[in-house]
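Asker: Here's a structure for you.
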Amino acid sequence: MSILILHILYVIAITAEAMTAALAAGRRSMDWIGVCLLGAVTALGGGSVRDVLLGHHPLVWVAHPVYLLLTAAAALATIAVARFMHRLRRMFLLLDAVGLVVFTVIGCTVATEMGMPVIVVIVAGMITGCLGGVLRDILCNDIPLLFRSELYASVSVVTGSLYVAGLSLDLPHDVVMFAAMTLGLAMRLLALRFNWNMPKFVYTQDLH
Amino acid sequence: MSILILHILYVIAITAEAMTAALAAGRRSMDWIGVCLLGAVTALGGGSVRDVLLGHHPLVWVAHPVYLLLTAAAALATIAVARFMHRLRRMFLLLDAVGLVVFTVIGCTVATEMGMPVIVVIVAGMITGCLGGVLRDILCNDIPLLFRSELYASVSVVTGSLYVAGLSLDLPHDVVMFAAMTLGLAMRLLALRFNWNMPKFVYTQDLH
Amino acid sequence: MSILILHILYVIAITAEAMTAALAAGRRSMDWIGVCLLGAVTALGGGSVRDVLLGHHPLVWVAHPVYLLLTAAAALATIAVARFMHRLRRMFLLLDAVGLVVFTVIGCTVATEMGMPVIVVIVAGMITGCLGGVLRDILCNDIPLLFRSELYASVSVVTGSLYVAGLSLDLPHDVVMFAAMTLGLAMRLLALRFNWNMPKFVYTQDLH
């Protein structure tokens with residue numbers, strides 16, 4: 001049951017990620033293939049990098065290529081509905097936040113099942129949750145937003161840490177998973193609502 | 001015999017890719033080492049990413065390091081002959097198109113031999129055919145041309161789809177391979193000749 | 001004993017790399033999380049790419065996650081001490097040079113132990129030595145310094161070649177290792193002192 005819910009949330013999240021990536025592609029006037037590629041890479045890239053780094057084969061989209069079709073189709077459909085999407089701005093911010101915590105927990109689960117040490121479990125969650133967006137920004141030739149913006153990576157680290165802490169207390173896996181996701185989601189939404197930011201490090205000298 | 005022809009085409013294609021990448025390096029005033037690196041990464045990068053994503057080891061240049069030397073040497077030699085290369089502009093566009101379909105078919109073959117589902121076979125062909133250029137553009141700090149330009153990725157998808165379709169009809173492998181390459185090449189050359197483009201998606205609003 | 005020295009040099013080097021990466025993050029006003037991420041990616045990225053390309057699992061930081069904490073902490077600590085670091089400019093340039101040769105030799109050792117051919121051994125050394133900085137520059141949205149600057153990659157290639165040549169002469173491994181590192185370090189420091197550069201390739205025509 002809980003696996004089914006997680007799976008449904010995952011499918012909703014990769015669809016939403018692909019759609020917002022399609023808008024980023026549109027802002028750079030990419031062509032339709034570029035839109036599809038950027039959508040699929042953004043939605044599935046975080047999990048792919050995690051699996052490549054951990055040596056966890058096959059990758060999700062290799063085992064389930066339907067996700068490639070789904071994300072590419074969602075990105076393509078975005079071209080038709082883009083003009084209405086600003087009305088759904090809040091919903092997409094919410095779905096993005098859901099995606100962040102769902103991806104994070106799934107990444108933590110994969111690393112836990114591989115018997116990884118806790119720090120690697122948290123990092124695997126962060127890679128899964130955040131790296132799709134980093135790849136999107138690199139392909140769009142931007143400095144990754146992740147590195148300069150509101151509590152995004154931090155939410156992922158907190159979610160992963162809660163997951164790890166819960167499991168180490170021998171609490172039931174599903175309870176831990178949903179508690180971590182709920183608290184992470186709350187933190188993300190509060191950060192958006194009250195505009196919480198990490199302090200920035202500003203350095204102007206040249207070392208070299 | 002057909003394997004030999006494919007192999008010769010592969011060697012010609014990676015040489016041509018390394019040479020055009022060297023010109024891109026020259027446009028950014030890279031030093032000689034940068035020229036060699038960009039040449040090798042562009043020529044061998046697509047296959048490397050495919051193998052890393054599919055968990056297919058050893059990589060081509062790990063098993064055959066002579067390709068590293070060949071592509072680096074071709075890039076270096078380009079420095080000497082660059083002034084004459086604009087006269088060979090048409091030939092290099094042709095070789096680039098040949099490389100696209102050869103790389104695509106090789107990528108499809110690798111995935112087919114690993115028993116991958118058809119969508120993954122097509123994607124593996126596209127990654128092999130197109131990702132070298134994406135890596136080149138990222139290293140040159142450009143938005144990948146692939147995402148905004150003429151039928152390049154599309155040719156790769158069509159070539160891969162023809163290959164997959166042909167095999168599913170139980171046609172002989174070599175016939176399918178060369179038919180897919182020929183039709184893909186024709187499509188690419190027609191796209192260049194008549195300036196065919198994918199429609200672009202232009203979006204100017206900020207969702208966030 | 002020699003393994004211990006190499007290990008100590010490695011820990012010093014990843015710490016120094018993380019700290020200089022943190023300054024690069026500060027120059028782009030990244031937030032604290034961005035600083036930690038850029039520090040860890042720069043310090044551990046070269047070895048990670050090498051291991052992914054060679055199929056050498058687990059990665060260093062997966063087997064020893066303490067390095068993740070060390071590099072992230074070193075990057076974070078840099079925020080506090082940044083104002084004093086320009087006084088230590090020479091020391092950091094020296095540590096960066098030490099890191100280059102230490103990473104290179106470690107990369108060569110890993111590939112040698114996997115039974116790789118000599119060219120792949122040298123390339124594995126270069127990837128380990130240089131790719132952390134390339135990832136840093138891509139994430140900072142710069143053209144990688146490696147491709148346009150003083151003898152950096154060249155030092156790595158020379159160090160790796162000396163290592164391979166020494167082993168092929170059946171000299172004792174530790175002697176070869178420290179001789180290659182010493183000569184590579186000397187070359188790098190001379191290049192910095194006398195401002196040695198690779199010739200650049202400047203090309204202004206458009207092929208396409």
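Ligands are numbered from 1 in the order shown, residues from 1 within each chain, and chains are lettered A, B, ... in the order they appear in the structure tokens.
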Using only C-alpha atoms, find the residues of chain B whose closest atom to chain A is at most 6 Å away, then write them as a ChimeraX atom specification.
Answerer: /B:143,147-148,198-204,207
Asker: Export, as a tab-separated table (two decimals), in the first residue's frame, the selected residues with all heavy atoms.
Answerer:
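The result, stored in out.tsv:
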```tsv
chain	number	residue	atom	x	y	z
B	143	ILE	N	24.92	26.81	-24.68
B	143	ILE	CA	23.75	25.95	-24.62
B	143	ILE	C	23.89	24.91	-25.73
B	143	ILE	O	24.18	25.27	-26.88
B	143	ILE	CB	22.45	26.75	-24.82
B	143	ILE	CG1	22.23	27.68	-23.63
B	143	ILE	CG2	21.26	25.80	-24.97
B	143	ILE	CD1	20.86	28.34	-23.62
B	147	PHE	N	19.91	21.17	-28.64
B	147	PHE	CA	18.62	21.51	-28.06
B	147	PHE	C	17.92	22.62	-28.85
B	147	PHE	O	16.80	22.96	-28.58
B	147	PHE	CB	18.82	21.97	-26.61
B	147	PHE	CG	19.12	20.83	-25.68
B	147	PHE	CD1	19.74	19.69	-26.14
B	147	PHE	CD2	18.79	20.89	-24.33
B	147	PHE	CE1	20.03	18.63	-25.28
B	147	PHE	CE2	19.07	19.85	-23.48
B	147	PHE	CZ	19.69	18.72	-23.95
B	148	ARG	N	18.63	23.22	-29.78
B	148	ARG	CA	18.02	24.37	-30.43
B	148	ARG	C	18.19	24.38	-31.92
B	148	ARG	O	18.01	25.41	-32.54
B	148	ARG	CB	18.55	25.65	-29.83
B	148	ARG	CG	20.01	25.67	-29.53
B	148	ARG	CD	20.40	26.85	-28.66
B	148	ARG	NE	19.44	27.92	-28.63
B	148	ARG	CZ	19.58	29.03	-27.94
B	148	ARG	NH1	20.66	29.20	-27.21
B	148	ARG	NH2	18.69	29.96	-27.97
B	198	MET	N	13.10	21.86	-36.63
B	198	MET	CA	12.02	21.56	-35.72
B	198	MET	C	11.39	22.87	-35.30
B	198	MET	O	12.09	23.88	-35.17
B	198	MET	CB	12.58	20.90	-34.46
B	198	MET	CG	12.78	19.43	-34.56
B	198	MET	SD	11.22	18.58	-34.75
B	198	MET	CE	11.09	17.85	-33.13
B	199	PRO	N	10.07	22.88	-35.07
B	199	PRO	CA	9.50	24.11	-34.51
B	199	PRO	C	10.11	24.38	-33.13
B	199	PRO	O	10.48	23.45	-32.41
B	199	PRO	CB	8.00	23.79	-34.41
B	199	PRO	CG	7.88	22.32	-34.54
B	199	PRO	CD	9.09	21.82	-35.26
B	200	LYS	N	10.21	25.65	-32.81
B	200	LYS	CA	10.76	26.03	-31.51
B	200	LYS	C	9.63	26.30	-30.54
B	200	LYS	O	8.52	26.64	-30.92
B	200	LYS	CB	11.60	27.30	-31.66
B	200	LYS	CG	12.94	27.05	-32.31
B	200	LYS	CD	13.87	28.22	-32.11
B	200	LYS	CE	15.09	28.11	-33.02
B	200	LYS	NZ	15.73	26.77	-32.98
B	201	PHE	N	9.94	26.15	-29.25
B	201	PHE	CA	8.98	26.49	-28.20
B	201	PHE	C	9.50	27.77	-27.53
B	201	PHE	O	10.58	27.75	-26.92
B	201	PHE	CB	8.86	25.34	-27.20
B	201	PHE	CG	8.09	25.66	-25.95
B	201	PHE	CD1	6.93	26.44	-25.97
B	201	PHE	CD2	8.52	25.18	-24.72
B	201	PHE	CE1	6.23	26.72	-24.82
B	201	PHE	CE2	7.81	25.46	-23.55
B	201	PHE	CZ	6.67	26.23	-23.61
B	202	VAL	N	8.78	28.85	-27.68
B	202	VAL	CA	9.22	30.13	-27.10
B	202	VAL	C	8.28	30.50	-25.98
B	202	VAL	O	7.06	30.62	-26.18
B	202	VAL	CB	9.25	31.23	-28.18
B	202	VAL	CG1	9.72	32.54	-27.56
B	202	VAL	CG2	10.15	30.83	-29.33
B	203	TYR	N	8.83	30.66	-24.80
B	203	TYR	CA	8.02	30.94	-23.61
B	203	TYR	C	8.70	32.08	-22.86
B	203	TYR	O	9.90	32.03	-22.60
B	203	TYR	CB	7.95	29.69	-22.74
B	203	TYR	CG	7.11	29.83	-21.51
B	203	TYR	CD1	5.72	29.84	-21.59
B	203	TYR	CD2	7.69	29.96	-20.26
B	203	TYR	CE1	4.95	29.96	-20.46
B	203	TYR	CE2	6.92	30.08	-19.11
B	203	TYR	CZ	5.54	30.08	-19.22
B	203	TYR	OH	4.77	30.20	-18.09
B	204	THR	N	7.95	33.11	-22.55
B	204	THR	CA	8.61	34.29	-21.99
B	204	THR	C	8.22	34.59	-20.55
B	204	THR	O	8.84	35.44	-19.91
B	204	THR	CB	8.27	35.53	-22.84
B	204	THR	OG1	6.86	35.58	-23.01
B	204	THR	CG2	8.93	35.45	-24.20
B	207	LEU	N	7.66	31.27	-14.37
B	207	LEU	CA	6.73	30.51	-13.53
B	207	LEU	C	7.01	30.81	-12.07
B	207	LEU	O	6.09	30.94	-11.27
B	207	LEU	CB	6.88	29.01	-13.80
B	207	LEU	CG	5.83	28.15	-13.10
B	207	LEU	CD1	4.46	28.39	-13.69
B	207	LEU	CD2	6.17	26.68	-13.19
```
Asker: Identify, with DSSP run on backbone atoms, the residues in stretch 29-100 of chain C assigned to alpha helix (DSSP H), and express the list as a PyMOL selection string.
Answerer: chain C and resi 32-54+60-63+66-85+89-100
Asker: Atom CA of C:Val60 and atom CA of C:Thr109, how far apart in Å?
Answerer: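 Computing it gives 13.7 Å between the two atoms.
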Asker: What is the atom CA of B:Val155 to atom CA of B:Val120 distance in Å?
Answerer: 16.4 Å
Asker: Given the choices A:Gly160, A:Gly166, A:Gly39, A:Gly46, which gets closest to A:Gly184 if the distance is worked out from only C-alpha atoms?
Answerer: A:Gly160
Asker: Can you work out the spacing between atom CA of C:Ala179 and atom CA of C:Val134 in Å, to one decimal?
Answerer: 26.5 Å
Asker: Could you give me, as an MDAnalysis selection string, the residues within 12 Å of C:Leu190, counting only C-alpha atoms and dropping anything in the same chain fewer than 3 positions from it?
Answerer: chainID C and resid 94 97 150:152 155 183:187 193:197
Asker: Between C:Val102, C:Val158, C:Leu44, C:Arg50, which residue has the minimum interatomic distance to C:His7, considering only C-alpha atoms?
Answerer: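 Closest residue, counting only C-alpha atoms: C:Val102.
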